[in-house]
Amino acid sequence: MKYIKQRYILFEILTPEKKNFDKELIIKAIGKKMIKFFGEYITFKVGLWMIRWDPSNQIGIIRVDNISKYHLITAMMLIKELNSTPVIFHTRITSGTIKKTLKIWRQTFSTLPPKREISELNKRKNK
Amino acid sequence: MFINSCIPWQNEPSKFQKNISLCYQIGYQAAIIDLKSKDEYQNFIKSDFFPNNVPKIKLPLSIETILSYRTKKSPISLIPRVTLNPETPKSLKKELSIWKERRCLIAVKSLNKEILEIAARDGRVDILSIPTSDSQKSLTKGIISLARQNECFLDISLTPVIEFEHYKRTKILRVLYRLLLKAKPSAHKYLIGSGSINNNPWLMRGPKETISFLYSVCNIPEFQAKRILTKNPEEIILKFIKRDQKLFIESGVEIVDIIEERAEGGLKK
């Protein structure tokens with residue numbers, strides 16, 4: 001079986017005023033744009049997953065498929081508004097490892113990235 | 001070095017400063033400022049965003065020379081460009097003779113095919129501005145090949161693609177797709193700017209996003225998309241600097257480097 005390579009995209013959201021956007025809101029907005037612009041055929045390949053999200057600084061890391069990386073960035077580019085506030089999705093870097101992406105986060109923004117959230121499935125397992 | 005090839009000038013300095021700082025935040029290191037009239041040109045030249053005297057540069061020309069055009073007020077270096085919008089070919093020629101010796105790049109924007117043909121043929125015109133789909137439609141094969149022969153750059157904008165949605169967006173993309181088939185980016189020199197962001201600067205997008213758009217939607221290879229945002233604008237800005245620093249003497253003759261007197265003496269010995 002061919003192993004699917006993944007890419008980690010470090011991005012920040014620029015807004016006229018500081019706002020705390022939800023993680024789910026952003027993922028929904030990107031997913032909607034993807035389906036609307038590229039259709040279901042490309043969207044199912046993307047494997048969109050928000051790994052880290054810092055709501056106070058509006059910085060995040062998204063994990064995607066290697067091939068559809070450009071499609072995702074394009075979808076992010078086409079988003080004009082979130083909750084009726086104008087936004088710009090600015091992709092800082094794409095990397096092949098989470099370690100390097102986190103390192104660049106620390107270097108460029110001089111803030112510590114938030115710890116990874118445990119998913120509900122894992123929580124149940126731990127219990 | 002990523003360069004935005006078209007940012008509209010605004011008479012309010014605070015607004016313009018905001019636009020520039022946003023442009024810098026997004027990832028551009030330099031920009032070409034779009035000026036539409038004489039007054040706008042005068043305002044820009046007199047403002048603190050552009051060096052009043054010709055700045056000293058180190059030869060040979062490189063990216064550093066572009067950065068030397070940066071002032072204290074602006075985080076990125078700004079190069080003026082005047083966009084002429086003539087109604088007749090005669091008025092175009094008149095305006096070109098006026099603007100020829102000014103410190104700026106010259107762009108022409110028109111829906112008239114005759115005017116575009118003359119502009120593409122004229123060596124004084126640096127850029128053919130085609131930001132909207134109407135102006136892109138008016139480009140014929142002849143005009144495109146003339147522009148290629150005279151090294152005239154084609155300036156397009158992706159802001160309408162972001163601004164409009166649904167059917168209007170598909171129409172715009174269709175026209176852009178047909179233009180890219182007619183004038184392939186491998187052979188023709190394109191520039192991409194954020195031309196129509198007058199009302200809303202939040203429609204500006206960064207270089208990485210633009211590259212991924214060109215790659216995924218327009219099927220342009222990554223290295224060519226990168227060239228549109230780096231090398232092509234760099235080339236046109238260096239052309240302006242050569243004119244500004246008076247390094248350009250005649251077509252094919254220009255000062256490349258200046259050897260210092262001491263070095264010359266050393267050579268004689």
# chains A, B, ... in the order shown; residues from 1 in each chain; ligands from 1
$ residues_around --residues "Ser68 (chain A)" --least-positions-apart "4" --cutoff "8 Å" --atoms "only C-alpha atoms" --output "count of residues only"
5
$ residues_around --residues "Pro113 (chain A)" --least-positions-apart "4" --cutoff "9 Å" --atoms "only C-alpha atoms" --output "tab-separated table (two decimals) with N, CA, C and O atoms, in the first residue's frame"
chain	number	residue	atom	x	y	z
A	52	ARG	N	-3.30	22.13	15.99
A	52	ARG	CA	-3.17	23.10	17.08
A	52	ARG	C	-3.92	24.38	16.70
A	52	ARG	O	-3.94	24.77	15.53
A	53	TRP	N	-4.45	25.04	17.72
A	53	TRP	CA	-5.12	26.33	17.47
A	53	TRP	C	-4.98	27.21	18.70
A	53	TRP	O	-5.35	26.80	19.80
A	54	ASP	N	-4.40	28.38	18.45
A	54	ASP	CA	-4.24	29.34	19.54
A	54	ASP	C	-5.24	30.47	19.30
A	54	ASP	O	-5.00	31.34	18.46
A	59	ILE	N	-3.42	31.82	15.64
A	59	ILE	CA	-2.42	31.05	14.89
A	59	ILE	C	-2.81	29.57	15.00
A	59	ILE	O	-3.28	29.14	16.06
A	60	GLY	N	-2.57	28.83	13.93
A	60	GLY	CA	-2.91	27.42	13.98
A	60	GLY	C	-2.06	26.56	13.07
A	60	GLY	O	-1.31	27.08	12.23
A	102	LEU	N	6.34	23.28	14.75
A	102	LEU	CA	6.25	23.88	16.09
A	102	LEU	C	7.48	24.74	16.39
A	102	LEU	O	7.38	25.80	17.03
A	105	TRP	N	6.96	27.96	14.65
A	105	TRP	CA	5.95	28.71	15.42
A	105	TRP	C	6.64	29.49	16.55
A	105	TRP	O	6.44	30.69	16.72
A	106	ARG	N	7.46	28.76	17.31
A	106	ARG	CA	8.15	29.40	18.44
A	106	ARG	C	9.08	30.52	17.97
A	106	ARG	O	9.17	31.57	18.58
$ select_by_dssp --residues "region 11-44 of chain A" --states "strand (DSSP E or B)" --output "ChimeraX atom specification"
/A:11-14
$ write_last_selection --atoms "all heavy atoms" --output "PDB file, in the first residue's frame"
ATOM      1  N   PHE A  11      -0.385  28.612   9.878  1.00  0.00           N
ATOM      2  CA  PHE A  11      -1.059  29.795   9.331  1.00  0.00           C
ATOM      3  C   PHE A  11      -1.516  30.731  10.451  1.00  0.00           C
ATOM      4  O   PHE A  11      -1.602  30.335  11.613  1.00  0.00           O
ATOM      5  CB  PHE A  11      -2.266  29.367   8.482  1.00  0.00           C
ATOM      6  CG  PHE A  11      -3.430  28.853   9.298  1.00  0.00           C
ATOM      7  CD1 PHE A  11      -4.507  29.670   9.618  1.00  0.00           C
ATOM      8  CD2 PHE A  11      -3.428  27.549   9.749  1.00  0.00           C
ATOM      9  CE1 PHE A  11      -5.562  29.200  10.370  1.00  0.00           C
ATOM     10  CE2 PHE A  11      -4.486  27.061  10.511  1.00  0.00           C
ATOM     11  CZ  PHE A  11      -5.556  27.889  10.820  1.00  0.00           C
ATOM     12  N   GLU A  12      -1.742  31.971  10.055  1.00  0.00           N
ATOM     13  CA  GLU A  12      -2.324  32.920  11.015  1.00  0.00           C
ATOM     14  C   GLU A  12      -3.471  33.660  10.335  1.00  0.00           C
ATOM     15  O   GLU A  12      -3.486  33.780   9.110  1.00  0.00           O
ATOM     16  CB  GLU A  12      -1.268  33.891  11.537  1.00  0.00           C
ATOM     17  CG  GLU A  12      -0.834  34.942  10.583  1.00  0.00           C
ATOM     18  CD  GLU A  12       0.146  35.926  11.177  1.00  0.00           C
ATOM     19  OE1 GLU A  12      -0.030  36.355  12.317  1.00  0.00           O
ATOM     20  OE2 GLU A  12       1.099  36.275  10.460  1.00  0.00           O
ATOM     21  N   ILE A  13      -4.391  34.134  11.148  1.00  0.00           N
ATOM     22  CA  ILE A  13      -5.535  34.871  10.599  1.00  0.00           C
ATOM     23  C   ILE A  13      -5.377  36.343  10.960  1.00  0.00           C
ATOM     24  O   ILE A  13      -5.223  36.691  12.129  1.00  0.00           O
ATOM     25  CB  ILE A  13      -6.864  34.314  11.149  1.00  0.00           C
ATOM     26  CG1 ILE A  13      -7.034  32.856  10.702  1.00  0.00           C
ATOM     27  CG2 ILE A  13      -8.039  35.141  10.683  1.00  0.00           C
ATOM     28  CD1 ILE A  13      -8.278  32.187  11.231  1.00  0.00           C
ATOM     29  N   LEU A  14      -5.379  37.170   9.921  1.00  0.00           N
ATOM     30  CA  LEU A  14      -5.260  38.615  10.145  1.00  0.00           C
ATOM     31  C   LEU A  14      -6.652  39.235  10.080  1.00  0.00           C
ATOM     32  O   LEU A  14      -7.411  38.959   9.152  1.00  0.00           O
ATOM     33  CB  LEU A  14      -4.355  39.242   9.090  1.00  0.00           C
ATOM     34  CG  LEU A  14      -2.939  38.669   8.968  1.00  0.00           C
ATOM     35  CD1 LEU A  14      -2.231  39.272   7.780  1.00  0.00           C
ATOM     36  CD2 LEU A  14      -2.132  38.917  10.220  1.00  0.00           C
TER      37      LEU A  14
END
$ closest_atom_pairs --of "chain B" --to "chain A" --cutoff "9 Å" --atoms "only C-alpha atoms" --output "Markdown table"
| residue | atom | partner | partner_atom | distance |
| --- | --- | --- | --- | --- |
| B:Leu22 | CA | A:Leu14 | CA | 8.8 |
| B:Gln25 | CA | A:His90 | CA | 8.7 |
| B:Ile26 | CA | A:His90 | CA | 6.2 |
| B:Gly27 | CA | A:His90 | CA | 8.5 |
| B:Val161 | CA | A:Leu78 | CA | 8.0 |
| B:Ile162 | CA | A:Leu78 | CA | 5.4 |
| B:Glu163 | CA | A:Lys80 | CA | 7.8 |
| B:Trp202 | CA | A:Pro86 | CA | 6.3 |
| B:Leu203 | CA | A:Lys80 | CA | 7.1 |
| B:Met204 | CA | A:Ile88 | CA | 7.8 |
| B:Arg205 | CA | A:Met77 | CA | 6.9 |
| B:Gly206 | CA | A:His90 | CA | 6.6 |
| B:Lys208 | CA | A:Thr91 | CA | 7.0 |
| B:Glu209 | CA | A:Met77 | CA | 5.9 |
| B:Thr210 | CA | A:Thr74 | CA | 7.7 |
| B:Ile211 | CA | A:Tyr70 | CA | 8.6 |
| B:Ser212 | CA | A:Tyr70 | CA | 4.9 |
| B:Phe213 | CA | A:Thr74 | CA | 5.1 |
| B:Leu214 | CA | A:Thr74 | CA | 8.8 |
| B:Tyr215 | CA | A:Tyr70 | CA | 7.3 |
| B:Ser216 | CA | A:His71 | CA | 5.9 |
| B:Val217 | CA | A:His71 | CA | 8.2 |
$ atom_distance --atom1 "CA of Gln6 (chain A)" --atom2 "CA of Gly47 (chain A)"
9.2 Å
$ residues_around --residues "Leu116 (chain B)" --least-positions-apart "2" --cutoff "12 Å" --atoms "only C-alpha atoms" --output "ChimeraX atom specification"
/B:84-89,92-93,107-114,118-122,125,127-130,135-147,152,154
$ select_by_dssp --residues "region 21-51 of chain A" --states "helix (DSSP H, G or I)" --output "NGL selection string"
:A and (23-38 or 40-46)
$ residues_around --residues "Ser56 (chain A)" --least-positions-apart "6" --cutoff "12 Å" --atoms "only C-alpha atoms" --output "ChimeraX atom specification"
/A:12-13,17-23,111-114
$ residues_around --residues "Gly193 (chain B)" --least-positions-apart "3" --cutoff "8 Å" --atoms "only C-alpha atoms" --output "list in words"
Asn4, Ser5, Cys6, Ile7, Asp155, Ile156, Ser157 and Leu158 of chain B
$ write_last_selection --atoms "N, CA and C atoms" --output "short mmCIF file (atom, residue, chain, number, x, y, z; two decimals), in the first residue's frame"
data_model
loop_
_atom_site.label_atom_id
_atom_site.label_comp_id
_atom_site.auth_asym_id
_atom_site.auth_seq_id
_atom_site.Cartn_x
_atom_site.Cartn_y
_atom_site.Cartn_z
N ASN B 4 4.59 42.93 -4.74
CA ASN B 4 3.21 43.16 -5.18
C ASN B 4 3.25 44.20 -6.29
N SER B 5 2.70 43.86 -7.45
CA SER B 5 2.90 44.74 -8.60
C SER B 5 1.85 45.83 -8.73
N CYS B 6 0.90 45.90 -7.85
CA CYS B 6 -0.09 46.99 -7.96
C CYS B 6 -0.83 47.21 -6.64
N ILE B 7 -0.50 48.31 -5.98
CA ILE B 7 -1.29 48.73 -4.81
C ILE B 7 -1.77 50.15 -5.07
N ASP B 155 -0.21 42.98 -16.65
CA ASP B 155 -0.56 43.05 -15.23
C ASP B 155 -1.99 42.57 -15.01
N ILE B 156 -2.14 41.46 -14.31
CA ILE B 156 -3.48 40.94 -14.01
C ILE B 156 -3.72 41.03 -12.49
N SER B 157 -4.96 40.85 -12.11
CA SER B 157 -5.30 40.93 -10.69
C SER B 157 -6.22 39.76 -10.31
N LEU B 158 -6.01 39.24 -9.12
CA LEU B 158 -6.86 38.11 -8.66
C LEU B 158 -7.95 38.58 -7.70
#
$ atom_distance --atom1 "CA of Lys100 (chain A)" --atom2 "CA of Lys115 (chain A)"
15.4 Å
$ residues_around --residues "Leu61 (chain B)" --least-positions-apart "5" --cutoff "12 Å" --atoms "only C-alpha atoms" --output "mmCIF file with all heavy atoms, in the first residue's frame"
data_model
loop_
_atom_site.group_PDB
_atom_site.id
_atom_site.type_symbol
_atom_site.label_atom_id
_atom_site.label_comp_id
_atom_site.auth_asym_id
_atom_site.auth_seq_id
_atom_site.Cartn_x
_atom_site.Cartn_y
_atom_site.Cartn_z
ATOM 1 N N LYS B 56 21.499 56.535 -2.965
ATOM 2 C CA LYS B 56 22.769 55.959 -3.420
ATOM 3 C C LYS B 56 22.646 54.437 -3.429
ATOM 4 O O LYS B 56 22.135 53.844 -2.478
ATOM 5 C CB LYS B 56 23.892 56.378 -2.475
ATOM 6 C CG LYS B 56 24.399 57.769 -2.760
ATOM 7 C CD LYS B 56 25.603 58.088 -1.901
ATOM 8 C CE LYS B 56 26.108 59.474 -2.217
ATOM 9 N NZ LYS B 56 27.270 59.827 -1.388
ATOM 10 N N ILE B 66 16.923 47.433 -4.699
ATOM 11 C CA ILE B 66 15.470 47.671 -4.575
ATOM 12 C C ILE B 66 15.152 48.083 -3.137
ATOM 13 O O ILE B 66 14.381 49.006 -2.893
ATOM 14 C CB ILE B 66 14.669 46.413 -4.975
ATOM 15 C CG1 ILE B 66 14.905 46.085 -6.441
ATOM 16 C CG2 ILE B 66 13.167 46.606 -4.730
ATOM 17 C CD1 ILE B 66 14.320 44.770 -6.901
ATOM 18 N N LEU B 67 15.797 47.416 -2.192
ATOM 19 C CA LEU B 67 15.537 47.728 -0.775
ATOM 20 C C LEU B 67 16.050 49.116 -0.384
ATOM 21 O O LEU B 67 15.577 49.699 0.591
ATOM 22 C CB LEU B 67 16.165 46.663 0.119
ATOM 23 C CG LEU B 67 15.532 45.265 0.048
ATOM 24 C CD1 LEU B 67 16.337 44.277 0.844
ATOM 25 C CD2 LEU B 67 14.092 45.278 0.530
ATOM 26 N N SER B 68 17.005 49.646 -1.151
ATOM 27 C CA SER B 68 17.525 50.987 -0.833
ATOM 28 C C SER B 68 16.491 52.076 -1.120
ATOM 29 O O SER B 68 16.651 53.215 -0.688
ATOM 30 C CB SER B 68 18.815 51.255 -1.608
ATOM 31 O OG SER B 68 18.525 51.320 -2.975
ATOM 32 N N GLU B 234 10.731 42.083 -10.166
ATOM 33 C CA GLU B 234 12.100 42.518 -9.865
ATOM 34 C C GLU B 234 12.734 43.130 -11.116
ATOM 35 O O GLU B 234 13.372 44.183 -11.051
ATOM 36 C CB GLU B 234 12.886 41.289 -9.423
ATOM 37 C CG GLU B 234 14.130 41.584 -8.609
ATOM 38 C CD GLU B 234 14.821 40.285 -8.249
ATOM 39 O OE1 GLU B 234 14.207 39.484 -7.526
ATOM 40 O OE2 GLU B 234 15.939 40.070 -8.719
ATOM 41 N N GLU B 235 12.494 42.467 -12.237
ATOM 42 C CA GLU B 235 13.041 42.918 -13.516
ATOM 43 C C GLU B 235 12.540 44.326 -13.859
ATOM 44 O O GLU B 235 13.310 45.196 -14.239
ATOM 45 C CB GLU B 235 12.588 41.934 -14.598
ATOM 46 C CG GLU B 235 13.510 41.832 -15.793
ATOM 47 C CD GLU B 235 13.045 40.731 -16.721
ATOM 48 O OE1 GLU B 235 13.081 39.548 -16.315
ATOM 49 O OE2 GLU B 235 12.623 41.064 -17.831
ATOM 50 N N ILE B 237 11.274 46.573 -11.827
ATOM 51 C CA ILE B 237 11.737 47.577 -10.868
ATOM 52 C C ILE B 237 13.192 47.947 -11.149
ATOM 53 O O ILE B 237 13.574 49.124 -11.080
ATOM 54 C CB ILE B 237 11.544 47.078 -9.416
ATOM 55 C CG1 ILE B 237 10.048 47.091 -9.071
ATOM 56 C CG2 ILE B 237 12.295 47.946 -8.421
ATOM 57 C CD1 ILE B 237 9.704 46.576 -7.700
ATOM 58 N N LEU B 238 13.993 46.967 -11.501
ATOM 59 C CA LEU B 238 15.387 47.268 -11.846
ATOM 60 C C LEU B 238 15.464 48.128 -13.107
ATOM 61 O O LEU B 238 16.343 48.975 -13.238
ATOM 62 C CB LEU B 238 16.182 45.975 -12.022
ATOM 63 C CG LEU B 238 16.480 45.206 -10.730
ATOM 64 C CD1 LEU B 238 17.234 43.938 -11.032
ATOM 65 C CD2 LEU B 238 17.257 46.037 -9.730
ATOM 66 N N LYS B 239 14.505 47.916 -13.993
ATOM 67 C CA LYS B 239 14.413 48.751 -15.206
ATOM 68 C C LYS B 239 14.169 50.212 -14.798
ATOM 69 O O LYS B 239 14.772 51.130 -15.343
ATOM 70 C CB LYS B 239 13.244 48.227 -16.049
ATOM 71 C CG LYS B 239 13.297 48.549 -17.517
ATOM 72 C CD LYS B 239 12.124 47.819 -18.186
ATOM 73 C CE LYS B 239 11.849 48.284 -19.555
ATOM 74 N NZ LYS B 239 10.645 47.648 -20.124
ATOM 75 N N PHE B 240 13.260 50.390 -13.816
ATOM 76 C CA PHE B 240 12.959 51.734 -13.312
ATOM 77 C C PHE B 240 14.195 52.338 -12.641
ATOM 78 O O PHE B 240 14.520 53.513 -12.845
ATOM 79 C CB PHE B 240 11.796 51.659 -12.313
ATOM 80 C CG PHE B 240 11.667 52.868 -11.437
ATOM 81 C CD1 PHE B 240 11.088 54.035 -11.918
ATOM 82 C CD2 PHE B 240 12.153 52.858 -10.133
ATOM 83 C CE1 PHE B 240 10.987 55.148 -11.119
ATOM 84 C CE2 PHE B 240 12.051 53.966 -9.332
ATOM 85 C CZ PHE B 240 11.469 55.116 -9.825
ATOM 86 N N ILE B 241 14.895 51.524 -11.855
ATOM 87 C CA ILE B 241 16.072 52.033 -11.130
ATOM 88 C C ILE B 241 17.175 52.447 -12.106
ATOM 89 O O ILE B 241 17.829 53.475 -11.906
ATOM 90 C CB ILE B 241 16.576 50.968 -10.118
ATOM 91 C CG1 ILE B 241 15.554 50.833 -8.974
ATOM 92 C CG2 ILE B 241 17.942 51.330 -9.553
ATOM 93 C CD1 ILE B 241 15.819 49.698 -8.019
ATOM 94 N N LYS B 242 17.323 51.670 -13.156
ATOM 95 C CA LYS B 242 18.328 52.033 -14.175
ATOM 96 C C LYS B 242 18.022 53.399 -14.763
ATOM 97 O O LYS B 242 18.909 54.213 -14.989
ATOM 98 C CB LYS B 242 18.321 50.976 -15.287
ATOM 99 C CG LYS B 242 19.229 49.800 -15.023
ATOM 100 C CD LYS B 242 19.077 48.816 -16.162
ATOM 101 C CE LYS B 242 19.476 47.433 -15.714
ATOM 102 N NZ LYS B 242 19.068 46.411 -16.682
ATOM 103 N N GLN B 245 18.516 56.131 -11.903
ATOM 104 C CA GLN B 245 19.918 56.381 -11.564
ATOM 105 C C GLN B 245 20.730 56.811 -12.792
ATOM 106 O O GLN B 245 21.937 57.015 -12.697
ATOM 107 C CB GLN B 245 20.539 55.115 -10.960
ATOM 108 C CG GLN B 245 19.847 54.594 -9.731
ATOM 109 C CD GLN B 245 20.262 55.297 -8.464
ATOM 110 O OE1 GLN B 245 21.261 56.010 -8.446
ATOM 111 N NE2 GLN B 245 19.501 55.120 -7.412
ATOM 112 N N LEU B 247 21.559 55.020 -15.398
ATOM 113 C CA LEU B 247 22.523 53.985 -15.794
ATOM 114 C C LEU B 247 22.261 53.538 -17.227
ATOM 115 O O LEU B 247 23.108 52.966 -17.871
ATOM 116 C CB LEU B 247 22.424 52.767 -14.868
ATOM 117 C CG LEU B 247 22.694 52.998 -13.390
ATOM 118 C CD1 LEU B 247 22.405 51.747 -12.598
ATOM 119 C CD2 LEU B 247 24.126 53.427 -13.171
ATOM 120 N N GLU B 254 24.318 50.189 -21.289
ATOM 121 C CA GLU B 254 24.011 50.651 -19.932
ATOM 122 C C GLU B 254 25.214 50.433 -19.009
ATOM 123 O O GLU B 254 26.065 49.581 -19.288
ATOM 124 C CB GLU B 254 22.775 49.927 -19.380
ATOM 125 C CG GLU B 254 22.938 48.443 -19.313
ATOM 126 C CD GLU B 254 21.643 47.705 -19.034
ATOM 127 O OE1 GLU B 254 20.613 48.024 -19.649
ATOM 128 O OE2 GLU B 254 21.708 46.797 -18.190
ATOM 129 N N ILE B 255 25.257 51.232 -17.944
ATOM 130 C CA ILE B 255 26.366 51.091 -16.994
ATOM 131 C C ILE B 255 26.068 49.895 -16.099
ATOM 132 O O ILE B 255 25.022 49.841 -15.459
ATOM 133 C CB ILE B 255 26.533 52.377 -16.166
ATOM 134 C CG1 ILE B 255 26.888 53.541 -17.085
ATOM 135 C CG2 ILE B 255 27.609 52.201 -15.096
ATOM 136 C CD1 ILE B 255 26.745 54.900 -16.464
ATOM 137 N N VAL B 256 26.995 48.966 -16.070
ATOM 138 C CA VAL B 256 26.782 47.760 -15.268
ATOM 139 C C VAL B 256 27.477 47.900 -13.919
ATOM 140 O O VAL B 256 26.930 47.561 -12.876
ATOM 141 C CB VAL B 256 27.299 46.516 -16.024
ATOM 142 C CG1 VAL B 256 27.124 45.259 -15.197
ATOM 143 C CG2 VAL B 256 26.582 46.363 -17.339
ATOM 144 N N ASP B 257 28.686 48.419 -13.936
ATOM 145 C CA ASP B 257 29.461 48.560 -12.707
ATOM 146 C C ASP B 257 30.416 49.746 -12.856
ATOM 147 O O ASP B 257 30.819 50.091 -13.977
ATOM 148 C CB ASP B 257 30.227 47.268 -12.437
ATOM 149 C CG ASP B 257 30.496 47.094 -10.960
ATOM 150 O OD1 ASP B 257 30.357 48.090 -10.229
ATOM 151 O OD2 ASP B 257 30.826 45.974 -10.543
ATOM 152 N N ILE B 258 30.783 50.354 -11.730
ATOM 153 C CA ILE B 258 31.736 51.460 -11.774
ATOM 154 C C ILE B 258 32.995 51.031 -11.026
ATOM 155 O O ILE B 258 32.931 50.669 -9.845
ATOM 156 C CB ILE B 258 31.138 52.744 -11.154
ATOM 157 C CG1 ILE B 258 29.930 53.189 -11.991
ATOM 158 C CG2 ILE B 258 32.177 53.842 -11.069
ATOM 159 C CD1 ILE B 258 29.077 54.237 -11.347
#
$ decode --residues "region 85-96 of chain A" --atoms "N, CA and C atoms" --output "short mmCIF file (atom, residue, chain, number, x, y, z; two decimals), in the first residue's frame"
data_model
loop_
_atom_site.label_atom_id
_atom_site.label_comp_id
_atom_site.auth_asym_id
_atom_site.auth_seq_id
_atom_site.Cartn_x
_atom_site.Cartn_y
_atom_site.Cartn_z
N THR A 85 -16.67 39.42 9.72
CA THR A 85 -15.48 40.28 9.85
C THR A 85 -14.49 39.88 8.76
N PRO A 86 -13.93 40.87 8.07
CA PRO A 86 -12.99 40.54 7.00
C PRO A 86 -11.73 39.87 7.54
N VAL A 87 -11.30 38.84 6.87
CA VAL A 87 -10.12 38.10 7.33
C VAL A 87 -9.15 37.83 6.17
N ILE A 88 -7.91 37.65 6.53
CA ILE A 88 -6.90 37.18 5.57
C ILE A 88 -6.23 35.98 6.20
N PHE A 89 -6.29 34.85 5.50
CA PHE A 89 -5.55 33.67 5.94
C PHE A 89 -4.13 33.78 5.39
N HIS A 90 -3.17 33.88 6.28
CA HIS A 90 -1.79 34.01 5.85
C HIS A 90 -1.02 32.75 6.21
N THR A 91 -0.65 31.98 5.17
CA THR A 91 0.11 30.75 5.45
C THR A 91 1.58 31.12 5.61
N ARG A 92 2.11 30.72 6.76
CA ARG A 92 3.51 31.06 7.04
C ARG A 92 4.46 30.07 6.40
N ILE A 93 4.19 28.78 6.67
CA ILE A 93 5.10 27.75 6.16
C ILE A 93 4.37 26.41 6.06
N THR A 94 4.85 25.58 5.15
CA THR A 94 4.36 24.19 5.13
C THR A 94 5.56 23.28 5.38
N SER A 95 5.34 22.30 6.22
CA SER A 95 6.44 21.42 6.58
C SER A 95 5.98 19.97 6.61
N GLY A 96 6.93 19.06 6.58
CA GLY A 96 6.61 17.64 6.57
C GLY A 96 6.51 17.04 7.96
#
